[in-house]
Each structure stands twice: as C-alpha cells, then as structure tokens.
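Visitor: Please read through the structure below; I'll follow up with questions.
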Amino acid sequence: MALAPAWKKPRVAGPVVWWLRNDLRLEDNPVARAAVAEALTDQRPLLPIFIFDPRFLDRSPYGRVTDPDFKKSISTRKPVDFGSRKTNALRARFWLQCVRCISNALSASGSRLLVCHGKPEEVLASLPTGSLVLCQSEPVSPEQTDVEDGVAAALADKHGEIWRKWGAMSLYHRKDLPFRVGEAPGNYTELALTLGWEDLWRSPGRTPGATPIRSPVAAPQRLPQAPDVELPGIMPAAVLADDREALKMLGYSPEEVEEAMVQKLPAGGEVAARDWLEKWLREEGEPKDLVEPVLWDLPTGGVTKGHDALQWANLARPDGWLRVSHYMAVGCISAREILARAEESPNYNGVAHRLLWRELHRFNAIRWGRRLFWLQGPGRVERPWSWDTAAVEAWKAGRTGVPYVDACMRELQQTGWLAYKGRKTVGFYFVFILGLDWRIGAFHFEEVLLDYDVAMNYGNWVVVAEVDKSNRGAHGFKSVEDLAAWKKEEFEWKLSAEKKNDAAGEYLRRWLPELSKVDAAHIHEPWKMSAELASRCGCELGRDYPHPLGGPFNLREENEDTERRMHPNDSSGALYTYKQFVDFALSKGYPASFGKKCWEQAQLSSSCSLQEQVTQLQGQLEAAEQQLRTLRGT
Ligand SMILES: Cc1cc2nc3c(=O)[nH]c(=O)nc-3n(C[C@H](O)[C@H](O)[C@H](O)COP(=O)(O)OP(=O)(O)OC[C@H]3O[C@@H](n4cnc5c(N)ncnc54)[C@H](O)[C@@H]3O)c2cc1C
C-alpha cells in the first residue's frame with residue numbers, strides 16, 4: 001500500500017466511506033477508485049456500505065409522486081394513491097444476490113461490506129465525526145438526489161462531507177459533453193448527431209471530433225481494511241446470507257417471500273453480468289437469419305436482405321436481445337463496458353443504438369426533473385383520465401380479455417421481465433383504450449420490473465402516454481371514451497402485427513392456460529368464436545376468460561402488405577402499402593385512422609383517374625376509327 005508522506009496530515013479524522021448504490025461492481029467503477037485513492041492518500045480507513053432504504057421497498061408515500069405540499073408542482077397536478085410497492089420481493093431478492101456478490105468480492109480484496117436497513121440520512125448520521133462519504137450521484141431521480149441532500153445535511157452536522165460523483169452509470173461523462181447536462185437535445189437523432197454519431201440509425205461511424213466515451217477503468221486491486229463501526233440497522237451476516245430471512249427483515253410478508261422464492265431469477269452479481277455479456281457476444285457473433293421485423297411502432301431503420309440492419313427485429317422478439325437491463329439497473333455492469341466489449345461485434349451498431357436510447361432517457365430525466373412524474377407529464381398535456389380500479393386490477397392480473405395484453409402482463413408478473421414491444425403495447429392499451437392514469441401503470445412496472453430504472457421506466461411511459469411533449473397527438477378530448485375511439489384502430493393495428501408475428505399463438509398459449517385449446521384462428525380474437533366453438537374448447541367468455549375490456553377489437557387480415565397505392569400527399573408517383581400509410585400518419589403525429597382515410601382517398605383518386613383514362617381511351621378509339629373510315633373512304 002502506497003503511504004502518504006508523513007508530513008501530509010489527513011484533512012479530517014473520520015473514515016472514507018464508499019456508499020454503494022446502483023453501482024454494485026468493482027470493474028469500471030470510478031467511485032470505487034476515487035474512494036480507495038482518497039483513503040490511501042490520507043491514510044484513512046475505507047468503509048464500504050450498502051443501505052436498503054425502506055422508502056424504496058415499501059408502499060411509502062415518500063418521494064416524487066406525493067410531494068405532499070405540492071411545492072414543486074403545477075396547480076392542476078393530481079395526487080395519486082401509491083397502491084403499489086416500490087420494489088416487489090422478487091426484485092429485492094435480486095438486489096440481495098447482487099449485494100452478496102459485491103460483498104464477497106470486497107472481502108476477497110481485503111475489505112468488508114457493511115449492509116444496513118434504514119434511511120441513509122439516519123444510518124450515515126451515526127458515522128464517526130469527520131467522515132467523508134463518496135457515492136455515485138443519481139441525478140436522473142429527484143427522490144434519490146433528495147436522499148443525497150439529506151445525507152449531506154446529516155454529515156455536515158458532524159463535520160463530515162459527501163462527494164457525489166458522476167460515476168459510470170451513463171455512457172458519457174458530464175465533463176465531456178458539448179452541452180450542459182440539463183440542456184441535452186431531447187430528440188434521439190439530434191442527440192446522436194450532437195455527440196458525433198454520423199447516422200446512428202444506420203451505422204456506428206463517428207466524426208473525428210465526436211464527444212469521447214471514456215474507456216472503462218480497472219477495478220482497484222487492493223482495498224484498505226474496513227474499520228469496525230457501529231451503525232443502526234446493520235443486517236447480520238447470517239440474515240444477509242439467507243434470502244428468506246433477509247426479505248423478512250426488509251419488511252416482506254411471508255406470502256410475498258414465498259411467492260418470490262419460487263420464481264426464477266437470473267444469477268446476480270458482476271461476474272454473472274459479465275459472463276452473460278460474453279456469452280451473448282459469442283452467440284451473436286454471426287448475425288442470424290432474423291424474423292421479418294415488425295416496424296409498426298418503431299422508427300424505421302430500413303430493412304435490407306430480409307432482415308433489419310439495425311436489428312429492430314430483435315426489439316420485436318419476445319425474448320429480448322441483450323437481456324442485460326437488470327444488470328445495468330443495479331450497476332453490475334456499466335453501459336460503457338458493454339459498448340467497449342461490443343466494438344468488434346457485428347452487432348455493434350445495434351448495441352450503440354440502444355445504449356444511446358438509454359442515454360437519451362437519462363438526459364431527459366435530468367432535464368425534466370419532477371415534471372417526469374406529473375400526470376400531465378413534462379409536456380403538460382391536459383387530457384381526461386380514468387381511475388377505474390377494477391380495470392387497473394384486471395390489467396395487472398392479466399385478466400383484461402385481450403390475449404396479447406394478458407399474456408404480457410402474466411409474463412411480467414411471473415418473471416419480472418417483458419420485451420420492449422410488450423411493454424409498449426400493454427402501456428398503450430392501459431393509457432388509451434382503458435384511459436387510465438399512466439402513472440398507475442408506471443408504478444406497477446416500478447414494482448415488478450426486474451430491470452426497473454427510474455429514467456428508463458418513467459421516460460418510456462411518458463412517451464407511450466404521449467405526455468412527453470406538448471405537441472403530441474392526443475389533445476382536445478372531452479372524455480376517455482372519445483380518446484379510446486380515436487386510438488382503437490391503432491391498437492387493433494398493433495394486435496394485428498402480433499397476430500402476424502405469432503400466427504399459431506404460441507406465446508399466448510404459454511402464459512394463458514385457459515386459451516390452450518382455442519384454435520389458431522381464434523386465439524388472438526377469442527371474442528370471434530361462436531358460443532358452440534367456445535364451449536367445445538373450454539373457453540367461454542365471461543366464464544373461463546373475460547370479455548375484452550374496451551373491445552371487441554377487429555384485427556386486420558387483408559392483403560394490406562401486397563396492395564399498394566399512391567399517397568395523396570406524395571407527388572413522386574411512388575406506391576405504398578396500407579401499413580406504410582398508417583406508419584406515415586403515426587410518424588407525423590396523426591392517428592392511424594388518418595392513415596386509413598388517406599388510403600381510402602387514394603383508392604378513390606386512383607379509381608377516378610382510371611375512369612378518366614377509360615373515357616380518354618374511348619375517345620381515342622373513336623377518333624382512330626373515324627380516321628380509319630376516312631382513309632377507307634367510307
Ligand atoms: C413502458 C416501458 C417501460 C420500460 N421500463 C424500463 C426500465 O424500467 N428499465 C429498463 O432498463 N428499460 C426499460 N424499458 C426499455 C426496454 O424495454 C428495456 O430496456 C429492454 O426491453 C431490455 O431488454 P434487453 O436488455 O434485451 O434490451 P436490448 O434491446 O438488448 O437493448 C440493450 C439495452 O439498451 C437499452 N435500451 C433498449 N431500448 C431502450 C429503450 N426503449 N429505452 C431505454 N433504454 C433502452 C437498455 O439498457 C437495454 O438493456 C421500458 C420500455 C417501455 C416501453
């Protein structure tokens with residue numbers, strides 16, 4: 001261990017404390033390195049601490065949503081009952097596993113992790129006088145920065161200090177950015193261009209002056225010994241080693257614990273995260289033949305040779321792609337390590353593309369602050385909303401009567417995971433077809449998602465709910481019913497895309513046993529079954545499976561993919577499919593029904609010009625015949 005010169009006295013007396021949060025790793029952890037360096041330089045002991053904060057586990061009214069005095073709110077903001085837990089027992093179990101892994105890694109490096117249960121500002125207030133706490137700041141989450149403020153105040157009372165570090169939760173370091181961190185471009189393409197990506201929709205090329213992405217930093221090799229410190233809420237080693245006991249101590253009921261214990265969980269920890277990434281890089285080394293991409297609600301990236309160059313097809317895959325989000329959420333692996341490792345991979349473009357979406361959501365969350373959690377969203381969109389608790393419960397339980405939605409919600413409930421397209425579709429249904437307050441949907445996701453991350457979850461929800469920007473489509477509605485009628489066709493379009501994707505209904509059968517005997521022709525639309533057929537396959541609506549809430553829905557079957565028409569707003573003469581008409585309307589912020597109207601108009605205008613052509617041809621024919629008669633002299 002390098003010793004500081006004898007004449008250099010430590011500035012303060014207490015230990016250096018590395019307060020671990022969602023950075024549960026040693027590799028590429030600038031906070032860990034800074035804490036170790038500080039301790040070594042000033043010859044102070046280093047104490048690594050992790051704290052389970054009850055406010056982030058239970059149904060507490062704490063934080064952004066209630067803001068009880070509405071000090072930071074707009075006047076029309078509506079309070080909402082926090083019916084969900086902030087973290088369900090399954091995710092708490094995953095956190096426990098990851099905490100145990102970093103604890104073992106610290107022990108192997110000569111240190112020791114102290115794990116506590118309590119409010120950080122109370123736990124850390126009991127540190128010795130003059131302690132220096134280093135932590136990764138979480139600027140995307142106002143409730144986490146509130147906690148940091150609380151800790152700073154508690155430490156100041158005892159001549160202590162907190163150093164909030166940027167860390168490596170983001171791809172970019174704030175000091176390298178060409179803009180102030182709260183003023184980042186709010187649009188993906190603009191952000192990518194500003195950071196020097198030439199055209200991230202299509203290629204991973206970067207301009208010579210592109211904003212640098214720092215290389216991952218190595219783990220500190222040897223850590224100073226941890227001092228013995230008595231703090232409130234210490235979790236005894238024996239409790240921490242046992243999931244059941246630890247969950248109980250964290251406040252989960254015996255039922256919640258037992259439910260979480262039988263659910264499958266990916267292996268936690270830094271090593272598992274890195275192994276997973278390496279396996280993925282090996283297996284995805286060669287681009288495979290991908291399924292035909294479904295671009296119905298995704299930005300178009302251009303489809304080449306049967307598969308999408310940007311791997312959008314994977315976004316539409318029911319099993320996800322990298323499947324690393326849960327590791328990133330707890331910080332078992334950093335985004336920049338993933339990017340650096342993928343550099344040689346044929347999928348580099350896809351990885352960079354997605355990680356930049358993550359970056360965009362992080363910047364947005366910082367820019368929006370508490371506005372991200374308003375019912376009206378950062379776009380301050382005023383709309384009618386519903387708080388129908390029966391509909392909320394049906395949605396959560398996967399009992400809406402819409403098979404695709406129900407399958408997704410049950411997968412989410414049972415595994416803590418759902419593919420991107422599933423998250424988007426169930427969110428769309430929740431917000432537009434059921435008209436429900438989007439925050440209740442987001443709270444539920446917050447409770448059950450294994451990869452829950454405040455910026456990614458709320459950021460995606462405000463986009464799905466169309467409250468992220470003031471100029472999004474859903475304005476001027478007097479009732480949720482009007483809104484649902486307006487959006488119904490768009491929803492039917494999404495369900496139709498799913499039907500095409502999974503014609504046999506395999507995904508639905510996997511999660512909805514009550515539909516297992518329904519034939520492929522009806523599994524996506526059981527409401528179309530005759531009473532006799534429904535009874536034969538043991539799936540009577542209203543008895544075995546619910547009638548569709550907000551439905552029935554009419555899924556498209558026609559040959560929209562092959563028939564092409566000229567778009568009334570395009571004078572180039574190019575021909576487009578029905579789907580392209582709808583996609584175009586949606587991309588311009590219009591509803592799908594506008595695309596349909598244009599499609600019908602296009603048919604009218606082409607039939608009209610056909611009529612004109614026929615008349616013209618008849619005239620020409622008559623003129624030619626007249627000429628012929630003249631020539632023959634008759
Ligand atoms: C309503 C809704 C809520 C969501 N909540 C979360 C959440 O709490 N935590 C979370 O990590 N992701 C969230 N996402 C984004 C996305 O669904 C997941 O990141 C993705 O499904 C994770 O699977 P993967 O690792 O296989 O993703 P891949 O497709 O392999 O992408 C790789 C990584 O890129 C990032 N990424 C990809 N798509 C997005 C996106 N749309 N927004 C932000 N980052 C993205 C993620 O970090 C992801 O792990 C949400 C999406 C929606 C529509």
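Chain labels follow the order of the structure tokens: the first chain is A, the next B, and so on; residue numbering restarts at 1 in every chain, and ligands are counted from 1 in their shown order.
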Show me a table, sorted first by chain and then by increasing residue number, of the residues of chain A having an atom at most 6 Å from ligand 1, each with its shortest atom pair and the distance in Å to one decimal, counting only C-alpha atoms and all ligand atoms and written as JSON lines.

Guide:
```
{"residue": "A:Leu315", "atom": "CA", "partner": "ligand 1", "partner_atom_place_in_ligand_line": "29 (O)", "distance": 5.3}
{"residue": "A:Gly320", "atom": "CA", "partner": "ligand 1", "partner_atom_place_in_ligand_line": "26 (O)", "distance": 3.8}
{"residue": "A:Trp321", "atom": "CA", "partner": "ligand 1", "partner_atom_place_in_ligand_line": "26 (O)", "distance": 3.7}
{"residue": "A:Leu322", "atom": "CA", "partner": "ligand 1", "partner_atom_place_in_ligand_line": "30 (O)", "distance": 3.5}
{"residue": "A:Arg323", "atom": "CA", "partner": "ligand 1", "partner_atom_place_in_ligand_line": "25 (O)", "distance": 3.4}
{"residue": "A:Val324", "atom": "CA", "partner": "ligand 1", "partner_atom_place_in_ligand_line": "25 (O)", "distance": 4.3}
{"residue": "A:Ser325", "atom": "CA", "partner": "ligand 1", "partner_atom_place_in_ligand_line": "49 (O)", "distance": 3.5}
{"residue": "A:Arg354", "atom": "CA", "partner": "ligand 1", "partner_atom_place_in_ligand_line": "34 (O)", "distance": 4.1}
{"residue": "A:Leu355", "atom": "CA", "partner": "ligand 1", "partner_atom_place_in_ligand_line": "34 (O)", "distance": 4.4}
{"residue": "A:Trp357", "atom": "CA", "partner": "ligand 1", "partner_atom_place_in_ligand_line": "43 (C)", "distance": 5.0}
{"residue": "A:Arg358", "atom": "CA", "partner": "ligand 1", "partner_atom_place_in_ligand_line": "44 (N)", "distance": 3.6}
{"residue": "A:Ala419", "atom": "CA", "partner": "ligand 1", "partner_atom_place_in_ligand_line": "21 (O)", "distance": 4.6}
{"residue": "A:Tyr420", "atom": "CA", "partner": "ligand 1", "partner_atom_place_in_ligand_line": "17 (O)", "distance": 3.5}
{"residue": "A:Arg423", "atom": "CA", "partner": "ligand 1", "partner_atom_place_in_ligand_line": "53 (C)", "distance": 4.5}
{"residue": "A:Lys424", "atom": "CA", "partner": "ligand 1", "partner_atom_place_in_ligand_line": "53 (C)", "distance": 4.1}
{"residue": "A:Gly427", "atom": "CA", "partner": "ligand 1", "partner_atom_place_in_ligand_line": "1 (C)", "distance": 5.8}
{"residue": "A:Asp451", "atom": "CA", "partner": "ligand 1", "partner_atom_place_in_ligand_line": "9 (N)", "distance": 4.7}
{"residue": "A:Tyr452", "atom": "CA", "partner": "ligand 1", "partner_atom_place_in_ligand_line": "8 (O)", "distance": 3.5}
{"residue": "A:Asp453", "atom": "CA", "partner": "ligand 1", "partner_atom_place_in_ligand_line": "8 (O)", "distance": 4.1}
{"residue": "A:Met456", "atom": "CA", "partner": "ligand 1", "partner_atom_place_in_ligand_line": "6 (C)", "distance": 4.5}
{"residue": "A:Asn457", "atom": "CA", "partner": "ligand 1", "partner_atom_place_in_ligand_line": "5 (N)", "distance": 3.3}
{"residue": "A:Asn460", "atom": "CA", "partner": "ligand 1", "partner_atom_place_in_ligand_line": "2 (C)", "distance": 4.6}
{"residue": "A:Trp461", "atom": "CA", "partner": "ligand 1", "partner_atom_place_in_ligand_line": "1 (C)", "distance": 4.5}
```

Visitor: Need the shell around stretch 433-444 of chain A: protein/DNA/RNA residues with any atom at most 9 Å away, counting only C-alpha atoms. Skip same-chain ones fewer than 5 positions apart. Format as a PyMOL selection string?

Guide: chain A and resi 65+80-86+373-375+384-388+391-392+395-396+427-428+449+457-458+461-462+464-465+479-481+483-485+487-488+491+549-551

Visitor: Between atom CA of A:Leu47 and atom CA of A:Pro216, what distance in Å does the model show, to one decimal?

Guide: 23.6 Å

Visitor: Record the distance separating atom CA of A:Gly14 and atom CA of A:Pro227, expressed in Å with one decimal.

Guide: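 So the two atoms, atom CA of A:Gly14 and atom CA of A:Pro227, lie 10.3 Å apart.
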
Visitor: Can you work out which one of A:Asp23, A:Glu393, A:Glu183, A:Glu38 has the shortest atom-to-atom distance to A:Leu223, counting only C-alpha atoms?

Guide: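 Of all the options, A:Glu38 lies closest to A:Leu223.
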
Visitor: What does the distance between atom CA of A:Ser131 and atom CA of A:Val16 come to in Å, to one decimal place?

Guide: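 Between these atoms lies a distance of 5.9 Å.
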
Visitor: With DSSP run on the backbone, what are the strand (DSSP E) residues within stretch 49-269 of chain A? I'd like them as a PDB file with C-alpha atoms, in the first residue's frame.

Guide:
```
ATOM      1  CA  ILE A  49     -21.564   0.482   2.918  1.00  0.00           C
ATOM      2  CA  PHE A  50     -24.750  -0.550   1.192  1.00  0.00           C
ATOM      3  CA  ILE A  51     -28.104   0.560   2.624  1.00  0.00           C
ATOM      4  CA  PHE A  52     -31.537  -0.892   1.861  1.00  0.00           C
ATOM      5  CA  LEU A 114     -21.434  -3.296   5.794  1.00  0.00           C
ATOM      6  CA  VAL A 115     -25.085  -3.796   4.833  1.00  0.00           C
ATOM      7  CA  CYS A 116     -27.769  -1.827   6.659  1.00  0.00           C
ATOM      8  CA  HIS A 117     -31.533  -1.394   6.551  1.00  0.00           C
ATOM      9  CA  LEU A 132     -16.072  11.557   4.058  1.00  0.00           C
ATOM     10  CA  VAL A 133     -18.794   9.765   2.070  1.00  0.00           C
ATOM     11  CA  LEU A 134     -18.304   9.141  -1.654  1.00  0.00           C
ATOM     12  CA  CYS A 135     -21.201   7.941  -3.735  1.00  0.00           C
ATOM     13  CA  GLN A 136     -22.415   7.731  -7.275  1.00  0.00           C
ATOM     14  CA  GLU A 161     -18.844  15.648   3.856  1.00  0.00           C
ATOM     15  CA  ILE A 162     -20.451  13.906   0.890  1.00  0.00           C
ATOM     16  CA  TRP A 163     -18.823  13.826  -2.530  1.00  0.00           C
ATOM     17  CA  ARG A 164     -21.322  12.953  -5.217  1.00  0.00           C
ATOM     18  CA  LYS A 165     -19.555  11.509  -8.214  1.00  0.00           C
ATOM     19  CA  TRP A 197     -22.529   9.803 -34.327  1.00  0.00           C
ATOM     20  CA  GLU A 198     -22.725  10.186 -38.104  1.00  0.00           C
ATOM     21  CA  ASP A 199     -26.010   8.348 -38.571  1.00  0.00           C
ATOM     22  CA  SER A 203     -24.101   2.966 -38.972  1.00  0.00           C
ATOM     23  CA  PRO A 204     -21.848   3.216 -35.928  1.00  0.00           C
ATOM     24  CA  GLY A 205     -19.498   5.737 -37.594  1.00  0.00           C
ATOM     25  CA  ARG A 206     -18.384   8.706 -35.529  1.00  0.00           C
TER      26      ARG A 206
END
```

Visitor: Please provide the set of residues having any atom within 10 Å of A:Leu277, restricted to only C-alpha atoms, with same-chain residues fewer than 6 positions apart removed, written as a list of chain:residue names.

Guide: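 Listed by chain and then number, they are A:Val271, A:Glu283, A:Leu322, A:Arg323, A:Val324, A:Ile333, A:Glu337, A:Ile338, A:Arg341, A:Ala342.
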
Visitor: Hey, what's within 7 Å of A:Leu195 if we count only C-alpha atoms and toss same-chain stuff fewer than 3 positions away? As a list in words, please?

Guide: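 Using only C-alpha atoms, the neighbours found are Leu191, Ala192, Ala210 and Thr211 of chain A.
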
Visitor: So which residues touch A:Asp243 within 12 Å, counting only C-alpha atoms, skipping near sequence neighbours fewer than 6 positions away, as a PyMOL selection string?

Guide: chain A and resi 89-100+237+249-250+252+257-258+260-262

Visitor: Could you go through stretch 410-625 of chain A and tell me which residues DSSP, when run on the backbone, assigns to helix (DSSP H, G or I), listing them as a ChimeraX atom specification?

Guide: /A:410-415,420-433,438-448,454-464,480-501,506-511,513-515,520-523,526-528,531-536,578-587,592-625

Visitor: Go ahead and dump the residues you just picked, C-alpha atoms, as a short mmCIF file (atom, residue, chain, number, x, y, z; two decimals), in the first residue's frame.

Guide:
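Result went into part.cif, see below:
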```
data_model
loop_
_atom_site.label_atom_id
_atom_site.label_comp_id
_atom_site.auth_asym_id
_atom_site.auth_seq_id
_atom_site.Cartn_x
_atom_site.Cartn_y
_atom_site.Cartn_z
CA ARG A 410 -48.67 -12.55 -16.77
CA GLU A 411 -45.14 -12.93 -18.09
CA LEU A 412 -44.26 -9.70 -16.32
CA GLN A 413 -45.88 -10.82 -13.07
CA GLN A 414 -44.25 -14.23 -13.10
CA THR A 415 -40.75 -13.32 -14.28
CA TYR A 420 -39.85 -3.88 -25.22
CA LYS A 421 -42.70 -4.29 -27.67
CA GLY A 422 -44.82 -5.96 -24.96
CA ARG A 423 -44.14 -3.07 -22.58
CA LYS A 424 -45.19 -0.61 -25.26
CA THR A 425 -48.36 -2.44 -26.20
CA VAL A 426 -49.65 -3.05 -22.68
CA GLY A 427 -48.84 0.57 -21.83
CA PHE A 428 -50.70 1.82 -24.89
CA TYR A 429 -53.72 -0.29 -24.01
CA PHE A 430 -53.66 0.95 -20.41
CA VAL A 431 -53.44 4.60 -21.36
CA PHE A 432 -55.54 4.88 -24.48
CA ILE A 433 -58.03 2.03 -24.54
CA TRP A 438 -50.50 6.46 -16.86
CA ARG A 439 -48.67 6.82 -13.54
CA ILE A 440 -50.56 3.88 -12.06
CA GLY A 441 -49.22 1.73 -14.91
CA ALA A 442 -45.73 3.13 -14.36
CA PHE A 443 -45.95 2.46 -10.59
CA HIS A 444 -46.87 -1.12 -11.31
CA PHE A 445 -43.89 -1.51 -13.63
CA GLU A 446 -41.74 0.11 -10.96
CA GLU A 447 -42.89 -2.52 -8.51
CA VAL A 448 -42.47 -5.61 -10.65
CA VAL A 454 -36.39 5.41 -12.95
CA ALA A 455 -35.29 7.18 -16.14
CA MET A 456 -36.00 4.25 -18.42
CA ASN A 457 -39.33 3.35 -16.89
CA TYR A 458 -40.92 6.77 -16.47
CA GLY A 459 -39.18 8.06 -19.62
CA ASN A 460 -40.71 5.30 -21.74
CA TRP A 461 -44.09 5.65 -20.04
CA VAL A 462 -44.42 9.35 -20.80
CA VAL A 463 -43.60 8.58 -24.43
CA VAL A 464 -46.16 5.78 -24.57
CA VAL A 480 -61.70 8.89 -22.15
CA GLU A 481 -64.29 7.17 -24.39
CA ASP A 482 -63.59 9.64 -27.22
CA LEU A 483 -59.90 9.09 -26.77
CA ALA A 484 -60.30 5.31 -26.85
CA ALA A 485 -62.40 5.52 -30.02
CA TRP A 486 -59.70 7.64 -31.62
CA LYS A 487 -56.93 5.21 -30.69
CA LYS A 488 -58.80 1.96 -31.16
CA GLU A 489 -57.66 1.39 -34.70
CA GLU A 490 -54.03 1.97 -33.79
CA PHE A 491 -54.38 -0.62 -31.06
CA GLU A 492 -56.01 -3.06 -33.48
CA TRP A 493 -53.08 -2.47 -35.76
CA LYS A 494 -50.67 -3.47 -33.01
CA LEU A 495 -52.67 -6.60 -32.17
CA SER A 496 -52.77 -7.50 -35.87
CA ALA A 497 -48.98 -7.18 -36.05
CA GLU A 498 -48.72 -9.56 -33.09
CA LYS A 499 -51.09 -11.98 -34.75
CA LYS A 500 -48.93 -11.96 -37.85
CA ASN A 501 -45.83 -12.39 -35.73
CA GLU A 506 -47.54 -19.97 -29.10
CA TYR A 507 -46.67 -17.03 -26.88
CA LEU A 508 -50.31 -16.68 -25.80
CA ARG A 509 -50.67 -20.39 -25.01
CA ARG A 510 -47.52 -20.27 -22.90
CA TRP A 511 -48.95 -17.71 -20.49
CA PRO A 513 -53.60 -21.82 -19.98
CA GLU A 514 -57.31 -21.05 -20.29
CA LEU A 515 -56.78 -20.46 -24.03
CA ALA A 520 -55.00 -20.69 -34.02
CA ALA A 521 -57.70 -18.90 -36.00
CA HIS A 522 -59.29 -17.56 -32.81
CA ILE A 523 -56.60 -17.42 -30.17
CA PRO A 526 -61.47 -15.32 -28.83
CA TRP A 527 -64.46 -12.96 -28.98
CA LYS A 528 -64.97 -14.09 -32.58
CA ALA A 531 -70.81 -19.93 -28.48
CA GLU A 532 -70.65 -23.53 -29.59
CA LEU A 533 -66.96 -23.42 -30.50
CA ALA A 534 -66.11 -21.58 -27.27
CA SER A 535 -67.81 -24.23 -25.22
CA ARG A 536 -66.10 -27.02 -27.17
CA TYR A 578 -51.64 0.25 -46.22
CA LYS A 579 -49.20 -0.30 -43.39
CA GLN A 580 -46.89 2.34 -44.79
CA PHE A 581 -49.83 4.76 -44.99
CA VAL A 582 -50.57 4.15 -41.31
CA ASP A 583 -46.90 4.30 -40.28
CA PHE A 584 -46.53 7.59 -42.11
CA ALA A 585 -49.57 9.05 -40.34
CA LEU A 586 -48.28 7.90 -36.96
CA SER A 587 -44.78 9.21 -37.62
CA ALA A 592 -53.86 5.52 -37.53
CA SER A 593 -57.36 6.46 -38.70
CA PHE A 594 -55.84 9.36 -40.63
CA GLY A 595 -53.62 6.87 -42.47
CA LYS A 596 -56.72 4.82 -43.23
CA LYS A 597 -58.55 7.88 -44.56
CA CYS A 598 -55.65 8.65 -46.87
CA TRP A 599 -55.65 5.01 -48.01
CA GLU A 600 -59.34 5.21 -48.88
CA GLN A 601 -58.83 8.56 -50.56
CA ALA A 602 -56.00 7.06 -52.60
CA GLN A 603 -58.34 4.36 -53.85
CA LEU A 604 -60.96 6.94 -54.83
CA SER A 605 -58.46 9.07 -56.66
CA SER A 606 -56.95 6.12 -58.47
CA SER A 607 -60.38 4.82 -59.45
CA CYS A 608 -61.28 8.31 -60.55
CA SER A 609 -58.22 8.59 -62.75
CA LEU A 610 -58.93 5.12 -64.12
CA GLN A 611 -62.39 6.32 -65.13
CA GLU A 612 -60.79 9.29 -66.78
CA GLN A 613 -58.35 7.01 -68.55
CA VAL A 614 -61.19 4.82 -69.82
CA THR A 615 -63.05 7.86 -71.16
CA GLN A 616 -59.89 9.12 -72.76
CA LEU A 617 -59.11 5.77 -74.35
CA GLN A 618 -62.68 5.52 -75.66
CA GLY A 619 -62.30 8.95 -77.21
CA GLN A 620 -59.00 7.94 -78.78
CA LEU A 621 -60.53 4.73 -80.08
CA GLU A 622 -63.45 6.60 -81.62
CA ALA A 623 -61.06 9.10 -83.22
CA ALA A 624 -58.92 6.27 -84.64
CA GLU A 625 -61.97 4.50 -86.01
#
```

Visitor: Nearest to A:Arg44: which of A:Pro128, A:Pro224, A:Pro212, A:Pro185 is it, counting only C-alpha atoms?

Guide: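 Of all the options, A:Pro224 lies closest to A:Arg44.
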
Visitor: Counting only C-alpha atoms, what is within 9 Å of A:Glu525, bar same-chain residues fewer than 3 positions away, as a PyMOL selection string?

Guide: chain A and resi 402-403+521-522+528-529+552-555

Visitor: Residues within 8 Å of A:Ala365, please, as a tab-separated table (two decimals) with N, CA and C atoms, in the first residue's frame. Count only C-alpha atoms; anything in the same chain fewer than 4 positions from it doesn't count.

Guide:
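Result went into around36.tsv, see below:
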```tsv
chain	number	residue	atom	x	y	z
A	140	VAL	N	-30.76	11.46	-12.25
A	140	VAL	CA	-31.99	11.20	-13.00
A	140	VAL	C	-33.19	11.05	-12.07
A	141	SER	N	-32.93	10.88	-10.77
A	141	SER	CA	-34.02	10.59	-9.85
A	141	SER	C	-34.10	11.64	-8.74
A	361	HIS	N	-32.88	8.82	-22.50
A	361	HIS	CA	-33.82	8.81	-21.38
A	361	HIS	C	-33.18	9.36	-20.11
A	369	GLY	N	-36.62	16.67	-14.47
A	369	GLY	CA	-36.74	16.65	-13.01
A	369	GLY	C	-38.08	16.07	-12.59
A	372	LEU	N	-41.24	14.83	-14.81
A	372	LEU	CA	-41.36	13.49	-15.38
A	372	LEU	C	-42.47	12.68	-14.71
A	455	ALA	N	-35.29	6.41	-14.89
A	455	ALA	CA	-35.29	7.18	-16.14
A	455	ALA	C	-35.88	6.37	-17.27
A	459	GLY	N	-39.47	7.44	-18.32
A	459	GLY	CA	-39.18	8.06	-19.62
A	459	GLY	C	-39.95	7.37	-20.73
```

Visitor: When you count only C-alpha atoms, which of these residues is closest to A:Cys408: A:Ile366, A:Leu512, A:Ile102, A:Leu360?

Guide: A:Leu512

Visitor: Which residue gives the smallest distance to A:Arg59 among A:Arg472, A:Asn104, A:Arg33, A:Asn88, with only C-alpha atoms counted?

Guide: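 Once distances to A:Arg59 are computed over only C-alpha atoms, the minimum belongs to A:Asn88.
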